[in-house]
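To start, the structure under review is shown below, and the notes come after it.
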Amino acid sequence: MAVTESVAEGAREEARAVHEGILRRQSARESAARTYARALPIVPVRARGLTIEGADGRRYLDCLSGAGTLALGHNHPVVLEAIRRVLDSGAPLSVLDLATPVKDAFTTELFRTLPPGLADRARVQFCGPAGTDAVEAAFKLVRAATGRTGMLAFTGAYHGMTAAALAASGGAGDVRVARLPYPQDYRCPFGVGGPRGAELSARYTESLLDDPKSGVPLPAGMIVEPVQGEGGVIPAPDDWLRRMRRITADRSVPLIADEVQTGVGRTGAFWGVDHSGVTPDVMVLSKAIGGSLPLAVVVYRDDLDVWRPGAHAGTFRGNQLAMAAGTATLAHVRENGLAERAAVLGSRMLTRLRALRDEFPCVGDVRGRGLMIGLELVDPEGERTGPGEGPLAGEPDEPDGPTQGADPGRSPRPADPELAAAVQRECLHRGLIVELGGRHAGVVRLLPPLTISDEQAAAVLDRLSDAVAAAARHRRDHGRGRRRDDGPAPRRG
């Protein structure tokens with residue numbers, strides 16, 4: 001027995017040495033721009049579904065899911081089988097924009113899932129393999145179609161890391177895009193929240209577009225996320241999104257829906273815009289549509305298709321493995337009702353997480369839609385910043401509407417990114433991988449695969465609850481302050 005234990009301990013030591021060596025070499029060799037690796041010092045070597053195993057032998061529940069890329073989790077059998085079929089067939093793996101049976105199957109399945117008003121008259125442009133390239137393509141498209149140049153975007157937005165995408169994101173330094181207020185309850189830009197806050201946001205938009213002295217000429221397009229992910233998991237109210245559709249349609253401004261993270265069942269509907277019944281003119285799609293492999297496309301109304309050949313291109317826009325994996329993923333989500341499953345399970349998880357808000361003053365807000373969930377950490381001793389009302393009396397949220405979670409009259413305290421980072425560390429210590437986001441990186445985000453079971457969801461919530469309790473207890477006992485070795489919060493998928 002002693003010999004067996006000694007051998008096992010030796011194996012564990014060897015695994016830890018491999019793990020530490022890889023991390024050490026990564027730190028020495030890779031760019032200072034790396035993000036997730038700073039807050040998540042793990043070395044994944046195997047993964048299946050929700051679970052990742054590290055080189056050190058530790059196992060983790062993965063609620064990052066490749067920043068929302070893994071709709072079916074890691075290495076789902078239908079995805080692996082689709083990839084194997086292409087590899088075994090001898091088909092070319094990269095074909096630029098040539099037609100292939102694999103691409104034809106992908107576009108057919110994709111069009112089957114689109115909002116009906118768009119699917120009936122859609123065109124698709126395959127882009128470089130990142131969502132940010134699809135955003136660039138969408139901007140070029142609407143500018144060419146309208147002859148206008150300006151763009152409208154929203155505070156808190158995130159659309160990618162290339163030049164035009166960054167210019168439309170919330171952290172832009174060189175402003176080339178007009179910003180509009182995105183409605184939310186907990187930190188309402190107008191200090192009221194609920195339907196009133198959304199109404200004020202809509203009126204501001206109308207005023208900006210109709211005032212000849214606003215300094216904002218009629219734009220080429222408006223881009224909006226049905227749920228702001230990096231902005232802090234903030235769902236757009238359905239009525240407000242319908243209002244944005246009317247405002248843009250009345251003024252012949254193409255509406256671009258950025259569904260890079262909200263698509264393929266993530267929010268409890270196949271596409272985030274489906275909740276409101278809105279049919280955008282353009283949809284930007286990436287992440288989950290590639291079934292875990294790099295793929296990005298723009299889908300748009302046929303009358304916008306004014307491009308000349310070569311107006312937008314990319315060497316890797318013909319990735320056959322990604323198209324095959326994407327077809328399998330889209331079909332599996334559709335055929336197995338995984339979007340509906342995400343709606344039910346997400347609502348259940350939000351209900352339990354709201355108990356944390358009642359138990360811990362440092363949990364300022366819990367919100368989300370489907371399996372896109374955020375927990376905002378605040379400084380319970382910080383000064384409240386405004387009324388921050390939720391829905392007005394007599395005007396409750398619809399049961400199937402977006403869930404932002406703020407209580408009427410509950411004004412927000414300052415975000416606490418240090419505490420959020422501490423919760424992320426405590427989660428990792430307990431074998432749970434979570435992401436941070438929000439305006440000040442103060443929101444703990446959950447993006448589990450749509451295949452997560454009830455038992456796994458309970459385990460995730462148990463570990464997250466324990467992590468919040470441990471971080472809050474440490475803050476209470478030892479006060480504020482980051483450890484010297486803490487890296488910056490992870491940033492952007």
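Identifiers in this document derive from the order of the structure tokens: chains are assigned A, B, ..., residues are numbered from 1 separately in each chain, and ligands are numbered from 1 in order of occurrence.
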So that each row is one residue of stretch 79-195 of chain A with an atom at most 12 Å from stretch 236-258 of chain A, can you give its shortest atom pair and the distance in Å to one decimal, using only C-alpha atoms, rows by chain and rising number, as CSV?
residue,atom,partner,partner_atom,distance
A:Pro115,CA,A:Ala257,CA,11.7
A:Leu118,CA,A:Ala257,CA,12.0
A:Gly131,CA,A:Asp258,CA,9.1
A:Thr132,CA,A:Asp258,CA,10.1
A:Ala134,CA,A:Asp258,CA,9.4
A:Val135,CA,A:Asp258,CA,7.8
A:Glu136,CA,A:Asp258,CA,11.5
A:Ala137,CA,A:Ile256,CA,11.3
A:Ala138,CA,A:Ile256,CA,7.6
A:Phe139,CA,A:Ile256,CA,8.8
A:Lys140,CA,A:Ile256,CA,11.9
A:Leu141,CA,A:Pro254,CA,10.0
A:Val142,CA,A:Pro254,CA,6.8
A:Arg143,CA,A:Pro254,CA,9.6
A:Ala144,CA,A:Pro254,CA,11.6
A:Ala145,CA,A:Pro254,CA,9.3
A:Thr146,CA,A:Val253,CA,8.2
A:Gly147,CA,A:Val253,CA,11.2
A:Arg148,CA,A:Val253,CA,9.8
A:Thr149,CA,A:Val253,CA,11.4
A:Gly150,CA,A:Val253,CA,10.6
A:Met151,CA,A:Val253,CA,9.6
A:Leu152,CA,A:Leu255,CA,9.5
A:Ala153,CA,A:Ile256,CA,9.8
A:Phe154,CA,A:Ala236,CA,11.2
A:Gly156,CA,A:Ala236,CA,11.9
A:Ala157,CA,A:Asp258,CA,9.9
A:Tyr158,CA,A:Asp258,CA,9.2
A:His159,CA,A:Asp258,CA,7.4
A:Gly160,CA,A:Asp258,CA,10.4
A:Ala165,CA,A:Asp258,CA,10.9
A:Ala168,CA,A:Asp258,CA,11.5
A:Ser169,CA,A:Asp258,CA,11.7
A:Leu180,CA,A:Met244,CA,11.1
A:Pro181,CA,A:Ala236,CA,11.4
A:Tyr182,CA,A:Ala236,CA,7.7
A:Pro183,CA,A:Ala236,CA,6.8
A:Gln184,CA,A:Ala236,CA,7.6
A:Asp185,CA,A:Pro237,CA,10.0
A:Gly193,CA,A:Pro237,CA,10.9
A:Gly194,CA,A:Pro237,CA,8.7
A:Pro195,CA,A:Pro237,CA,8.3
Quiz item: Near A:His332, counting only C-alpha atoms, which residues have an atom at most 8 Å away, once you skip same-chain residues fewer than 4 positions from it, shown as a list in words?
Solution: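 Returned residues: Val78, Ala328 and Asn336 of chain A.
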Quiz prompt | Sel. of strand (DSSP E or B) residues, stretch 46-201 of chain A, as JSON, numbers by chain | solution = {"A": [46, 47, 48, 49, 51, 52, 53, 54, 59, 60, 61, 62, 74, 94, 122, 123, 124, 125, 126, 151, 152, 153, 154, 178, 179, 180]}
Selection from above, N, CA, C and O atoms, as an mmCIF file, in the first residue's frame, can you write it?
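Dumped everything to selection_22.cif:
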data_model
loop_
_atom_site.group_PDB
_atom_site.id
_atom_site.type_symbol
_atom_site.label_atom_id
_atom_site.label_comp_id
_atom_site.auth_asym_id
_atom_site.auth_seq_id
_atom_site.Cartn_x
_atom_site.Cartn_y
_atom_site.Cartn_z
ATOM 1 N N ARG A 46 -7.243 17.623 -21.639
ATOM 2 C CA ARG A 46 -8.384 16.843 -22.087
ATOM 3 C C ARG A 46 -9.654 17.578 -21.700
ATOM 4 O O ARG A 46 -9.687 18.305 -20.702
ATOM 5 N N ALA A 47 -10.710 17.366 -22.498
ATOM 6 C CA ALA A 47 -11.978 18.024 -22.191
ATOM 7 C C ALA A 47 -13.124 17.253 -22.823
ATOM 8 O O ALA A 47 -12.990 16.691 -23.916
ATOM 9 N N ARG A 48 -14.253 17.256 -22.137
ATOM 10 C CA ARG A 48 -15.471 16.634 -22.657
ATOM 11 C C ARG A 48 -16.665 17.315 -22.008
ATOM 12 O O ARG A 48 -16.747 17.415 -20.784
ATOM 13 N N GLY A 49 -17.570 17.805 -22.813
ATOM 14 C CA GLY A 49 -18.757 18.454 -22.289
ATOM 15 C C GLY A 49 -18.412 19.682 -21.469
ATOM 16 O O GLY A 49 -17.768 20.612 -21.948
ATOM 17 N N THR A 51 -16.534 19.575 -18.744
ATOM 18 C CA THR A 51 -15.368 19.298 -17.913
ATOM 19 C C THR A 51 -14.058 19.451 -18.672
ATOM 20 O O THR A 51 -13.924 18.990 -19.810
ATOM 21 N N ILE A 52 -13.096 20.088 -18.021
ATOM 22 C CA ILE A 52 -11.727 20.209 -18.515
ATOM 23 C C ILE A 52 -10.806 19.547 -17.500
ATOM 24 O O ILE A 52 -10.977 19.713 -16.289
ATOM 25 N N GLU A 53 -9.812 18.809 -18.000
ATOM 26 C CA GLU A 53 -8.773 18.263 -17.130
ATOM 27 C C GLU A 53 -7.460 18.946 -17.443
ATOM 28 O O GLU A 53 -7.067 19.082 -18.611
ATOM 29 N N GLY A 54 -6.766 19.407 -16.398
ATOM 30 C CA GLY A 54 -5.507 20.101 -16.571
ATOM 31 C C GLY A 54 -4.324 19.145 -16.557
ATOM 32 O O GLY A 54 -4.434 17.984 -16.156
ATOM 33 N N ARG A 59 -9.478 18.703 -12.265
ATOM 34 C CA ARG A 59 -10.637 18.774 -13.157
ATOM 35 C C ARG A 59 -11.445 20.017 -12.833
ATOM 36 O O ARG A 59 -11.579 20.406 -11.668
ATOM 37 N N TYR A 60 -11.996 20.632 -13.885
ATOM 38 C CA TYR A 60 -12.722 21.890 -13.736
ATOM 39 C C TYR A 60 -14.054 21.822 -14.481
ATOM 40 O O TYR A 60 -14.151 21.185 -15.541
ATOM 41 N N LEU A 61 -15.054 22.507 -13.932
ATOM 42 C CA LEU A 61 -16.296 22.753 -14.649
ATOM 43 C C LEU A 61 -16.128 24.061 -15.414
ATOM 44 O O LEU A 61 -15.855 25.105 -14.822
ATOM 45 N N ASP A 62 -16.284 23.999 -16.732
ATOM 46 C CA ASP A 62 -15.955 25.137 -17.596
ATOM 47 C C ASP A 62 -17.194 25.947 -17.935
ATOM 48 O O ASP A 62 -17.994 25.560 -18.795
ATOM 49 N N HIS A 74 -17.257 20.817 -24.811
ATOM 50 C CA HIS A 74 -16.026 20.321 -25.432
ATOM 51 C C HIS A 74 -16.246 18.966 -26.095
ATOM 52 O O HIS A 74 -16.829 18.055 -25.500
ATOM 53 N N SER A 94 -9.520 23.754 -47.177
ATOM 54 C CA SER A 94 -9.643 25.207 -47.321
ATOM 55 C C SER A 94 -9.852 25.513 -48.794
ATOM 56 O O SER A 94 -9.063 25.103 -49.652
ATOM 57 N N ALA A 122 -32.278 36.364 -47.874
ATOM 58 C CA ALA A 122 -30.957 36.595 -47.297
ATOM 59 C C ALA A 122 -29.831 36.306 -48.281
ATOM 60 O O ALA A 122 -29.977 35.512 -49.214
ATOM 61 N N ARG A 123 -28.722 36.970 -48.046
ATOM 62 C CA ARG A 123 -27.441 36.666 -48.675
ATOM 63 C C ARG A 123 -26.442 36.432 -47.539
ATOM 64 O O ARG A 123 -26.614 36.956 -46.436
ATOM 65 N N VAL A 124 -25.410 35.669 -47.798
ATOM 66 C CA VAL A 124 -24.421 35.386 -46.762
ATOM 67 C C VAL A 124 -23.031 35.679 -47.297
ATOM 68 O O VAL A 124 -22.724 35.367 -48.456
ATOM 69 N N GLN A 125 -22.209 36.323 -46.480
ATOM 70 C CA GLN A 125 -20.812 36.592 -46.807
ATOM 71 C C GLN A 125 -19.951 35.867 -45.780
ATOM 72 O O GLN A 125 -20.054 36.115 -44.570
ATOM 73 N N PHE A 126 -19.116 34.941 -46.252
ATOM 74 C CA PHE A 126 -18.165 34.278 -45.373
ATOM 75 C C PHE A 126 -16.959 35.192 -45.202
ATOM 76 O O PHE A 126 -16.424 35.729 -46.181
ATOM 77 N N MET A 151 -21.793 55.579 -38.120
ATOM 78 C CA MET A 151 -22.421 54.417 -37.501
ATOM 79 C C MET A 151 -22.965 54.808 -36.140
ATOM 80 O O MET A 151 -22.422 55.693 -35.470
ATOM 81 N N LEU A 152 -24.032 54.135 -35.737
ATOM 82 C CA LEU A 152 -24.568 54.275 -34.388
ATOM 83 C C LEU A 152 -24.270 53.003 -33.605
ATOM 84 O O LEU A 152 -24.454 51.890 -34.113
ATOM 85 N N ALA A 153 -23.804 53.164 -32.377
ATOM 86 C CA ALA A 153 -23.549 52.040 -31.483
ATOM 87 C C ALA A 153 -23.970 52.452 -30.082
ATOM 88 O O ALA A 153 -24.431 53.583 -29.864
ATOM 89 N N PHE A 154 -23.799 51.550 -29.121
ATOM 90 C CA PHE A 154 -24.325 51.791 -27.778
ATOM 91 C C PHE A 154 -23.237 51.742 -26.724
ATOM 92 O O PHE A 154 -22.248 51.014 -26.849
ATOM 93 N N ALA A 178 -21.152 57.458 -33.324
ATOM 94 C CA ALA A 178 -22.028 58.114 -32.353
ATOM 95 C C ALA A 178 -22.532 57.094 -31.346
ATOM 96 O O ALA A 178 -22.961 55.994 -31.715
ATOM 97 N N ARG A 179 -22.476 57.447 -30.055
ATOM 98 C CA ARG A 179 -22.879 56.544 -28.977
ATOM 99 C C ARG A 179 -24.299 56.859 -28.496
ATOM 100 O O ARG A 179 -24.654 58.024 -28.292
ATOM 101 N N LEU A 180 -25.054 55.809 -28.271
ATOM 102 C CA LEU A 180 -26.403 55.932 -27.748
ATOM 103 C C LEU A 180 -26.480 55.211 -26.410
ATOM 104 O O LEU A 180 -25.755 54.236 -26.186
#
Practice problem: Kindly indicate which residue among A:Gly346, A:Leu450, A:Ala325, A:Leu436 lies nearest to A:Val79, using only C-alpha atoms for the distances. | Solution: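 Closest to A:Val79 of all the choices is A:Ala325.
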Quiz item: Leaving out A:Pro41 and any residue of its chain fewer than 4 positions from it, which residues lie within 10 Å of it when counting only C-alpha atoms, given as an MDAnalysis selection string?
Solution: chainID A and resid 19:20 23 36:37 54 428
Quiz prompt | DSSP-assigned alpha helix (DSSP H) among stretch 51-199 of chain A, expressed as a PyMOL selection string | solution = chain A and resi 65-68+77-89+101-113+116-119+131-146+163-167+194-199
Exercise. Using only C-alpha atoms, determine which residues lie at most 12 Å from A:Leu353, disregarding the query and same-chain residues fewer than 3 positions distant; provide the list as a PyMOL selection string.
Key: chain A and resi 346-350+356-360+363-368+373-376+405+444+446+457-458+460-466+468
Quiz item: atom CA of A:Val224 to atom CA of A:Ala313: how many Å, to one decimal?
Solution: 23.8 Å
Quiz item: Can you tell me, as a list in words, what residues are no more than 10 Å from A:Gly265 when counting only C-alpha atoms, ignoring any on the same chain fewer than 6 positions away?
Solution: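 Skipping anything fewer than 6 positions along the chain leaves Ala71, Trp271, Gly272, Ala288, Leu330, Val333, Arg334, Gly337, Leu338, Ala339, Glu340, Arg341, Ala342, Ala343, Gly370, Leu371, Pro449 and Leu450 of chain A.
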For those residues, write N, CA and C atoms to a file as a compact mmCIF listing (two decimals), in the first residue's frame.
# COMPACT_ATOMS: atom_id res chain seq x y z
N ALA A 71 -21.18 25.81 -27.84
CA ALA A 71 -22.60 25.63 -27.53
C ALA A 71 -22.89 24.23 -27.01
N TRP A 271 -31.79 32.81 -31.82
CA TRP A 271 -31.05 34.07 -31.95
C TRP A 271 -31.59 35.05 -30.93
N GLY A 272 -30.74 35.92 -30.44
CA GLY A 272 -31.18 36.86 -29.41
C GLY A 272 -32.33 37.73 -29.85
N ALA A 288 -20.25 30.26 -31.76
CA ALA A 288 -20.89 28.94 -31.73
C ALA A 288 -21.25 28.41 -33.11
N LEU A 330 -25.55 23.52 -35.29
CA LEU A 330 -26.82 24.19 -35.55
C LEU A 330 -27.97 23.19 -35.57
N VAL A 333 -28.68 21.69 -31.97
CA VAL A 333 -29.39 22.65 -31.11
C VAL A 333 -30.85 22.76 -31.53
N ARG A 334 -31.08 22.85 -32.84
CA ARG A 334 -32.45 22.98 -33.34
C ARG A 334 -33.28 21.74 -33.08
N GLY A 337 -34.08 21.00 -29.22
CA GLY A 337 -34.71 22.03 -28.39
C GLY A 337 -33.79 22.61 -27.33
N LEU A 338 -32.50 22.74 -27.64
CA LEU A 338 -31.56 23.22 -26.62
C LEU A 338 -31.74 24.68 -26.28
N ALA A 339 -32.28 25.47 -27.20
CA ALA A 339 -32.56 26.87 -26.86
C ALA A 339 -33.64 26.95 -25.79
N GLU A 340 -34.70 26.17 -25.98
CA GLU A 340 -35.77 26.14 -24.99
C GLU A 340 -35.27 25.61 -23.66
N ARG A 341 -34.41 24.63 -23.72
CA ARG A 341 -33.80 24.08 -22.50
C ARG A 341 -32.98 25.15 -21.79
N ALA A 342 -32.24 25.96 -22.56
CA ALA A 342 -31.45 27.04 -21.97
C ALA A 342 -32.34 28.06 -21.28
N ALA A 343 -33.50 28.33 -21.84
CA ALA A 343 -34.43 29.29 -21.23
C ALA A 343 -34.90 28.78 -19.87
N GLY A 370 -31.44 33.24 -20.55
CA GLY A 370 -31.01 31.89 -20.91
C GLY A 370 -29.77 31.52 -20.13
N LEU A 371 -28.79 30.95 -20.82
CA LEU A 371 -27.54 30.55 -20.18
C LEU A 371 -26.44 31.58 -20.43
N PRO A 449 -22.08 25.44 -21.43
CA PRO A 449 -22.63 24.88 -22.66
C PRO A 449 -24.12 24.60 -22.52
N LEU A 450 -24.84 24.60 -23.64
CA LEU A 450 -26.28 24.36 -23.61
C LEU A 450 -26.60 22.92 -23.20
Self-check item: Using only C-alpha atoms: which of A:Val45, A:Leu114, A:Ala322, A:Ile289 has the shortest distance to A:Leu87
Solution: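 Among A:Val45, A:Leu114, A:Ala322, A:Ile289, it is A:Ala322 that comes nearest to A:Leu87.
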Quiz item: atom CA of A:Gln456 and atom CA of A:Gly326 are how many Å apart?
Solution: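 Result for atom CA of A:Gln456 versus atom CA of A:Gly326: 24.8 Å, one decimal.
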Quiz prompt | Spatial neighbours of A:His440, 8 Å, only C-alpha atoms, chain gap at least 6 places, as number ranges by chain | solution = A: 415-417
Take the selection from the previous step and output its residues with all heavy atoms, as a PDB file, in the first residue's frame.
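Written out: result_24.pdb:
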ATOM      1  N   ALA A 415     -19.113  49.428  -8.386  1.00  0.00           N
ATOM      2  CA  ALA A 415     -18.634  48.095  -8.763  1.00  0.00           C
ATOM      3  C   ALA A 415     -17.331  47.796  -8.032  1.00  0.00           C
ATOM      4  O   ALA A 415     -16.550  48.694  -7.708  1.00  0.00           O
ATOM      5  CB  ALA A 415     -18.425  48.036 -10.273  1.00  0.00           C
ATOM      6  N   ASP A 416     -17.093  46.511  -7.759  1.00  0.00           N
ATOM      7  CA  ASP A 416     -15.902  46.105  -7.002  1.00  0.00           C
ATOM      8  C   ASP A 416     -15.113  45.067  -7.807  1.00  0.00           C
ATOM      9  O   ASP A 416     -15.264  43.853  -7.609  1.00  0.00           O
ATOM     10  CB  ASP A 416     -16.307  45.526  -5.655  1.00  0.00           C
ATOM     11  CG  ASP A 416     -15.138  45.448  -4.675  1.00  0.00           C
ATOM     12  OD1 ASP A 416     -13.991  45.324  -5.152  1.00  0.00           O
ATOM     13  OD2 ASP A 416     -15.376  45.494  -3.456  1.00  0.00           O
ATOM     14  N   PRO A 417     -14.274  45.525  -8.749  1.00  0.00           N
ATOM     15  CA  PRO A 417     -13.509  44.571  -9.570  1.00  0.00           C
ATOM     16  C   PRO A 417     -12.548  43.719  -8.762  1.00  0.00           C
ATOM     17  O   PRO A 417     -12.277  42.573  -9.135  1.00  0.00           O
ATOM     18  CB  PRO A 417     -12.775  45.471 -10.568  1.00  0.00           C
ATOM     19  CG  PRO A 417     -12.759  46.830  -9.946  1.00  0.00           C
ATOM     20  CD  PRO A 417     -14.006  46.919  -9.132  1.00  0.00           C
TER      21      PRO A 417
END
Exercise. For atom CA of A:Asp56 and atom CA of A:Ala28, determine how far apart the two atoms are, in Å to one decimal place.
Key: 19.8 Å
Quiz item: Which residue, A:Leu50, A:Leu110, A:Met372, A:Ala32, has the smallest gap to A:Glu455 when you use only C-alpha atoms?
Solution: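 Of all the options, A:Leu50 lies closest to A:Glu455.
Of the listed residues A:Val344, A:Ile223, A:Leu208, A:Ser201, the one whose atoms come nearest to A:Thr267 is A:Val344, with distances taken using only C-alpha atoms.
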